[in-house]
Each structure stands twice: as structure tokens, then as C-alpha cells.
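Participant: Quick one: the structure is below, questions incoming.
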Amino acid sequence: MLKIKQAALAASAVKKEQYPPTGLAQVVLIGRSNAGKSSLINTLVNRKSLARTSSAPGKTRLLNFYRVDGSLDDLPFSCYLVDLPGYGYAKVSRSERMAWLKMIDGLLQSEAPRRCWQLVDIRHQPSVQDIAMHETLRQNGMQPLVIANKADKISRGARAAAVQQIAATLQIPRQQIVVFSAVSREGRDILLQQMAEFLQQQAKEALQQTLPQAANAENPD
Ligand SMILES: Nc1nc2c(ncn2[C@@H]2O[C@H](COP(=O)(O)OP(=O)(O)O)[C@@H](O)[C@H]2O)c(=O)[nH]1
Ligand SMILES: [Mg+2]
């Protein structure tokens, strides 16, 4: 079981030199402005206002690295939740958009174990920008988990169809979508489970990389 003990803002960055120095695993949150990225982080780590939430879209212009410390099956872990500035905000200039793309590209190119979580609004079909972002991530070798957010805003009966619609639009299996709400906290356990699986896989890969060397050191022949 994954337990989060502590969470804190480790760095706000635009470029690589400003990233936190450790190569810890990252869960990167991507979505339109106002999709609920900051709220999701707060819900996940059980803090009211660690990540700033705002009803004025387009305010966060930096990559915010939140360091999370906790335990996974009683063993300590640390990772980052990375809050990306939202896209789809109409009033940005071309140069601002380019700077944004450069910032995201810089993050995705940097070396770290990484998972992407893309937030979409469960009430609407994914936007053109949502689809473009999803495809870009796929082209970069990522398979983003899609979080259908604000589930408290639609009736239980409308959900299956909404999720089906998102799956069809993004051309992904239904299983790649998690229904979530920062208000009802629905879906939180599933996201923690996703995080746990990622970190476990990470630990396994790290071990596999060090084990052959350790074996060689013991048996130099
Ligand atoms: N009803 C509802 N509102 C939400 C949910 N998540 C976020 N919001 C609201 O949506 C707005 C934008 O949320 P925020 O987390 O700042 O989005 P961000 O721009 O993606 O970081 C805020 O007014 C939040 O209170 C949710 O699950 N349900
Ligand atoms: Mg935000």
C-alpha cells in the first residue's frame, strides 16, 4: 500500500538548470487550464492548498515540481508530481505558446523515469488541443493515463457514455481512463494505485540495472 507522508514544492522551473537536481521518478500532470491539475495534486497528497488552484485560467506559467515522500509496502519512496502550465488558454501570444512548447519539450526530453497523466473534463469531448497533446505524448513514447475529471458534475448514469466518448475520441481503451473528482475524491485510490505500480516497476528496473554489476563485483572472473 502507498502512503504519502509529506509533500512540498521543490522547485519552480522553466529550464533544465532550474529542475530539482535529483533524478527521481516523475508523474507529470497535463491538461487545459482549469482542467483541475492543481486540485488533483492537493487531493492526492491530502493538502488543501499545496498546489495553487485558481478559477482564473492560465495563471501558472512554470513547471512546478512537488516532491512527495512516503512509503510503499512499508519501504520509503520519493517522487515528484510535476504540475505543468495548462494549454488551451485563448489569450496567449504566439511567442508565449512557443515558450510553453519549449518548456514542455525540455521536460519530456530530460532523463527521468516518467509517467504522464492527462486531465480532461468528463463533461465534454476532448478538445482539439487535448487530442493534439495526447498525440504528441504518444509520439514521444508516452502512453498517458487519461483522467476524466470533475466527475461530481455529471450524474452517475451519464458516466459510462461520457467515458466511452473520451475513449473513442482519443482512440484509447476504456481501461486507460480513470474517473476522478477532487470534490468527491472519487478515483483517488485508483491514482494512488497507479502511482504505486509505477514506483514498483521503477524500483525493479533500477535493481535489474545494479544487480549484474553487483554479481560481477563478487565474482571478478
Ligand atoms: N466540481 C469540481 N470542480 C473542480 C474539480 N477539480 C477542480 N475544480 C475546479 O476547477 C477550477 C480549476 O481547478 P485547478 O485545479 O486550478 O485547475 P488547473 O488550472 O488545471 O490547475 C477551480 O475552480 C477548481 O475548484 C472537480 O473535481 N470538481
Ligand atoms: Mg493549476
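Order determines the names: the first chain of the C-alpha cells is A, the second B, and so forth; residues in each chain are numbered 1 upward, and ligands are numbered 1 upward as they are shown.
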So that I can check the secondary structure, give me every residue of chain A assigned alpha helix (DSSP H) by backbone DSSP, as a ChimeraX atom specification.

Facilitator: /A:37-45,94-109,128-139,156-170,188-218

Participant: With a distance cut-off of 10 Å and only C-alpha atoms, select the neighbouring residues of Pro85 in chain A, excluding the residue or stretch itself and same-chain residues fewer than 3 positions from it, and output the selection as number ranges by chain.

Facilitator: A: 29-34, 37-38, 57-64, 82, 100, 103-104

Participant: Nearest residue to Met1 in chain A out of A:Ala151, A:Gly36, A:Asp83, A:Ala196, using only C-alpha atoms?

Facilitator: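 Ranking A:Ala151, A:Gly36, A:Asp83, A:Ala196 by distance to Met1 in chain A, first place goes to A:Ala196.
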
Participant: Considering only C-alpha atoms, return as a PyMOL selection string whatever protein or nucleic-acid residues lie within 7 Å of Leu119 in chain A, sequence-local ones (same chain, fewer than 5 positions apart) excluded.

Facilitator: chain A and resi 30-31+35+146-149

Participant: Against range 3-20 of chain A, which residues of range 96-181 of chain A fall within 12 Å? For each one I want the closest pair of atoms and the distance in Å (one decimal), counting only C-alpha atoms, rows by chain and increasing residue number, as JSON lines.

Facilitator:
```
{"residue": "A:Ala99", "atom": "CA", "partner": "A:Val14", "partner_atom": "CA", "distance": 9.1}
{"residue": "A:Trp100", "atom": "CA", "partner": "A:Val14", "partner_atom": "CA", "distance": 8.9}
{"residue": "A:Leu101", "atom": "CA", "partner": "A:Val14", "partner_atom": "CA", "distance": 11.0}
{"residue": "A:Lys102", "atom": "CA", "partner": "A:Lys15", "partner_atom": "CA", "distance": 8.9}
{"residue": "A:Met103", "atom": "CA", "partner": "A:Val14", "partner_atom": "CA", "distance": 6.0}
{"residue": "A:Ile104", "atom": "CA", "partner": "A:Val14", "partner_atom": "CA", "distance": 8.9}
{"residue": "A:Asp105", "atom": "CA", "partner": "A:Lys15", "partner_atom": "CA", "distance": 10.1}
{"residue": "A:Gly106", "atom": "CA", "partner": "A:Lys16", "partner_atom": "CA", "distance": 6.9}
{"residue": "A:Leu107", "atom": "CA", "partner": "A:Lys16", "partner_atom": "CA", "distance": 7.4}
{"residue": "A:Leu108", "atom": "CA", "partner": "A:Lys16", "partner_atom": "CA", "distance": 10.7}
{"residue": "A:Gln109", "atom": "CA", "partner": "A:Lys16", "partner_atom": "CA", "distance": 9.8}
{"residue": "A:Ser110", "atom": "CA", "partner": "A:Lys16", "partner_atom": "CA", "distance": 7.7}
{"residue": "A:Glu111", "atom": "CA", "partner": "A:Lys16", "partner_atom": "CA", "distance": 10.4}
{"residue": "A:Ala112", "atom": "CA", "partner": "A:Tyr19", "partner_atom": "CA", "distance": 11.3}
```

Participant: Smallest atom-to-atom distance to Asp73 in chain A: which of A:Pro144, A:Thr53, A:Ile177, A:Leu2, using only C-alpha atoms?

Facilitator: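 So, comparing all the options, the nearest one is A:Leu2.
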
Participant: Please report, as number ranges by chain, each residue of range 12-214 of chain A to which DSSP assigns strand (DSSP E) when run on this structure's backbone.

Facilitator: A: 12-13, 26-31, 63-72, 75-83, 114-121, 145-149, 177-179

Participant: Emit the selected residues as a compact mmCIF listing (two decimals), in the first residue's frame, including N, CA and C atoms.

Facilitator:
```txt
# COMPACT_ATOMS: atom_id res chain seq x y z
N SER A 12 10.32 25.53 -8.84
CA SER A 12 9.51 26.08 -9.93
C SER A 12 10.48 26.39 -11.05
N ALA A 13 10.27 25.83 -12.21
CA ALA A 13 11.30 25.89 -13.23
C ALA A 13 10.74 26.25 -14.59
N GLN A 26 8.94 10.79 -11.94
CA GLN A 26 8.00 11.91 -12.08
C GLN A 26 6.64 11.45 -12.58
N VAL A 27 5.62 11.97 -11.97
CA VAL A 27 4.27 11.87 -12.54
C VAL A 27 3.92 13.28 -13.01
N VAL A 28 3.75 13.42 -14.32
CA VAL A 28 3.54 14.75 -14.91
C VAL A 28 2.06 14.96 -15.22
N LEU A 29 1.52 16.06 -14.71
CA LEU A 29 0.10 16.35 -14.92
C LEU A 29 -0.07 17.35 -16.05
N ILE A 30 -0.85 16.93 -17.03
CA ILE A 30 -1.02 17.72 -18.23
C ILE A 30 -2.50 17.93 -18.49
N GLY A 31 -2.84 19.12 -18.90
CA GLY A 31 -4.25 19.36 -19.23
C GLY A 31 -4.50 20.83 -19.48
N LEU A 63 6.85 25.20 -14.56
CA LEU A 63 6.76 23.79 -14.17
C LEU A 63 6.94 23.76 -12.67
N ASN A 64 5.96 23.27 -11.96
CA ASN A 64 6.10 23.17 -10.51
C ASN A 64 6.35 21.72 -10.11
N PHE A 65 7.49 21.49 -9.48
CA PHE A 65 7.86 20.15 -9.02
C PHE A 65 7.50 20.00 -7.56
N TYR A 66 6.52 19.15 -7.27
CA TYR A 66 6.18 18.86 -5.88
C TYR A 66 6.81 17.54 -5.49
N ARG A 67 7.64 17.62 -4.48
CA ARG A 67 8.27 16.39 -4.04
C ARG A 67 7.35 15.67 -3.05
N VAL A 68 7.18 14.39 -3.28
CA VAL A 68 6.30 13.60 -2.42
C VAL A 68 7.14 12.51 -1.76
N ASP A 69 7.06 12.41 -0.45
CA ASP A 69 7.75 11.35 0.29
C ASP A 69 6.72 10.50 1.00
N GLY A 70 6.97 9.23 1.01
CA GLY A 70 6.03 8.35 1.68
C GLY A 70 6.58 6.95 1.76
N SER A 71 5.66 6.00 1.94
CA SER A 71 6.09 4.61 1.99
C SER A 71 5.20 3.77 1.07
N LEU A 72 5.85 2.76 0.52
CA LEU A 72 5.16 1.84 -0.37
C LEU A 72 5.45 0.44 0.16
N LEU A 75 8.19 0.41 2.63
CA LEU A 75 9.52 0.87 2.22
C LEU A 75 9.43 2.33 1.77
N PRO A 76 10.43 3.14 2.12
CA PRO A 76 10.32 4.56 1.77
C PRO A 76 10.44 4.80 0.27
N PHE A 77 9.73 5.80 -0.22
CA PHE A 77 9.89 6.23 -1.61
C PHE A 77 9.83 7.75 -1.67
N SER A 78 10.38 8.30 -2.75
CA SER A 78 10.22 9.72 -3.04
C SER A 78 10.00 9.87 -4.53
N CYS A 79 9.18 10.81 -4.91
CA CYS A 79 8.98 11.09 -6.34
C CYS A 79 8.50 12.52 -6.49
N TYR A 80 8.32 12.93 -7.74
CA TYR A 80 7.78 14.27 -7.98
C TYR A 80 6.43 14.18 -8.67
N LEU A 81 5.54 15.05 -8.25
CA LEU A 81 4.36 15.35 -9.06
C LEU A 81 4.70 16.66 -9.77
N VAL A 82 4.63 16.66 -11.07
CA VAL A 82 5.00 17.87 -11.81
C VAL A 82 3.75 18.49 -12.41
N ASP A 83 3.49 19.71 -11.99
CA ASP A 83 2.30 20.44 -12.44
C ASP A 83 2.71 21.32 -13.63
N ARG A 114 9.34 8.43 -15.93
CA ARG A 114 8.23 9.39 -16.04
C ARG A 114 6.93 8.73 -16.47
N ARG A 115 5.85 9.17 -15.89
CA ARG A 115 4.51 8.83 -16.35
C ARG A 115 3.75 10.14 -16.59
N CYS A 116 2.91 10.14 -17.60
CA CYS A 116 2.08 11.32 -17.84
C CYS A 116 0.63 11.02 -17.54
N TRP A 117 0.01 11.94 -16.86
CA TRP A 117 -1.42 11.86 -16.60
C TRP A 117 -2.06 13.06 -17.27
N GLN A 118 -2.96 12.78 -18.20
CA GLN A 118 -3.62 13.88 -18.91
C GLN A 118 -5.05 14.06 -18.40
N LEU A 119 -5.34 15.25 -17.93
CA LEU A 119 -6.68 15.53 -17.41
C LEU A 119 -7.59 16.08 -18.49
N VAL A 120 -8.78 15.52 -18.57
CA VAL A 120 -9.80 16.10 -19.44
C VAL A 120 -11.08 16.25 -18.61
N ASP A 121 -11.97 17.07 -19.09
CA ASP A 121 -13.23 17.31 -18.39
C ASP A 121 -14.23 16.24 -18.81
N LEU A 145 -2.00 8.20 -19.07
CA LEU A 145 -3.23 7.81 -18.41
C LEU A 145 -4.16 9.01 -18.53
N VAL A 146 -5.40 8.78 -18.94
CA VAL A 146 -6.34 9.89 -19.10
C VAL A 146 -7.25 9.96 -17.88
N ILE A 147 -7.31 11.13 -17.28
CA ILE A 147 -8.14 11.30 -16.09
C ILE A 147 -9.37 12.12 -16.48
N ALA A 148 -10.52 11.48 -16.41
CA ALA A 148 -11.78 12.16 -16.71
C ALA A 148 -12.22 12.85 -15.44
N ASN A 149 -11.97 14.15 -15.39
CA ASN A 149 -12.09 14.89 -14.14
C ASN A 149 -13.44 15.57 -13.97
N ILE A 177 -8.60 5.08 -18.89
CA ILE A 177 -9.26 6.29 -18.38
C ILE A 177 -9.67 6.06 -16.92
N VAL A 178 -9.32 7.02 -16.08
CA VAL A 178 -9.73 6.97 -14.68
C VAL A 178 -10.72 8.10 -14.41
N VAL A 179 -11.85 7.77 -13.87
CA VAL A 179 -12.84 8.78 -13.50
C VAL A 179 -12.44 9.37 -12.15
```

Participant: Give me the residues within 8 Å of range 162-174 of chain A as a PyMOL selection string, counting only C-alpha atoms and dropping any in the same chain fewer than 4 places off.

Facilitator: chain A and resi 122-126+131+134+148+158+179

Participant: Take the residues from that selection and put them in a file with C-alpha atoms, as a JSON list (two decimals), in the first residue's frame.

Facilitator:
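Produced file selection-v7.json, reproduced below:
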```json
[["chain", "number", "residue", "atom", "x", "y", "z"],
["A", 122, "ILE", "CA", -15.65, 14.39, -18.17],
["A", 123, "ARG", "CA", -18.50, 16.65, -19.29],
["A", 124, "HIS", "CA", -17.02, 17.46, -22.67],
["A", 125, "GLN", "CA", -15.46, 15.72, -25.61],
["A", 126, "PRO", "CA", -11.69, 16.18, -25.57],
["A", 131, "ILE", "CA", -6.22, 15.47, -28.85],
["A", 134, "HIS", "CA", -2.36, 13.32, -26.45],
["A", 148, "ALA", "CA", -11.78, 12.16, -16.71],
["A", 158, "ALA", "CA", -24.21, 9.68, -17.71],
["A", 179, "VAL", "CA", -12.84, 8.78, -13.50]]
```

Participant: From the list A:Gln201, A:Ala182, A:Ala161, A:Ser95, which residue is nearest Lys48 in chain A when using only C-alpha atoms?

Facilitator: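 Comparing A:Gln201, A:Ala182, A:Ala161, A:Ser95 against Lys48 in chain A, the winner is A:Ala182.
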
Participant: What is the distance between CA of Glu205 in chain A and CA of Leu191 in chain A, in Å to one decimal?

Facilitator: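 Separation of CA of Glu205 in chain A and CA of Leu191 in chain A: 21.1 Å.
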
Participant: Which is closer to ligand 2 than all the others in A:Gly187, A:Pro113, A:Pro212, A:Gly86, using only C-alpha atoms and all ligand atoms?

Facilitator: A:Gly86
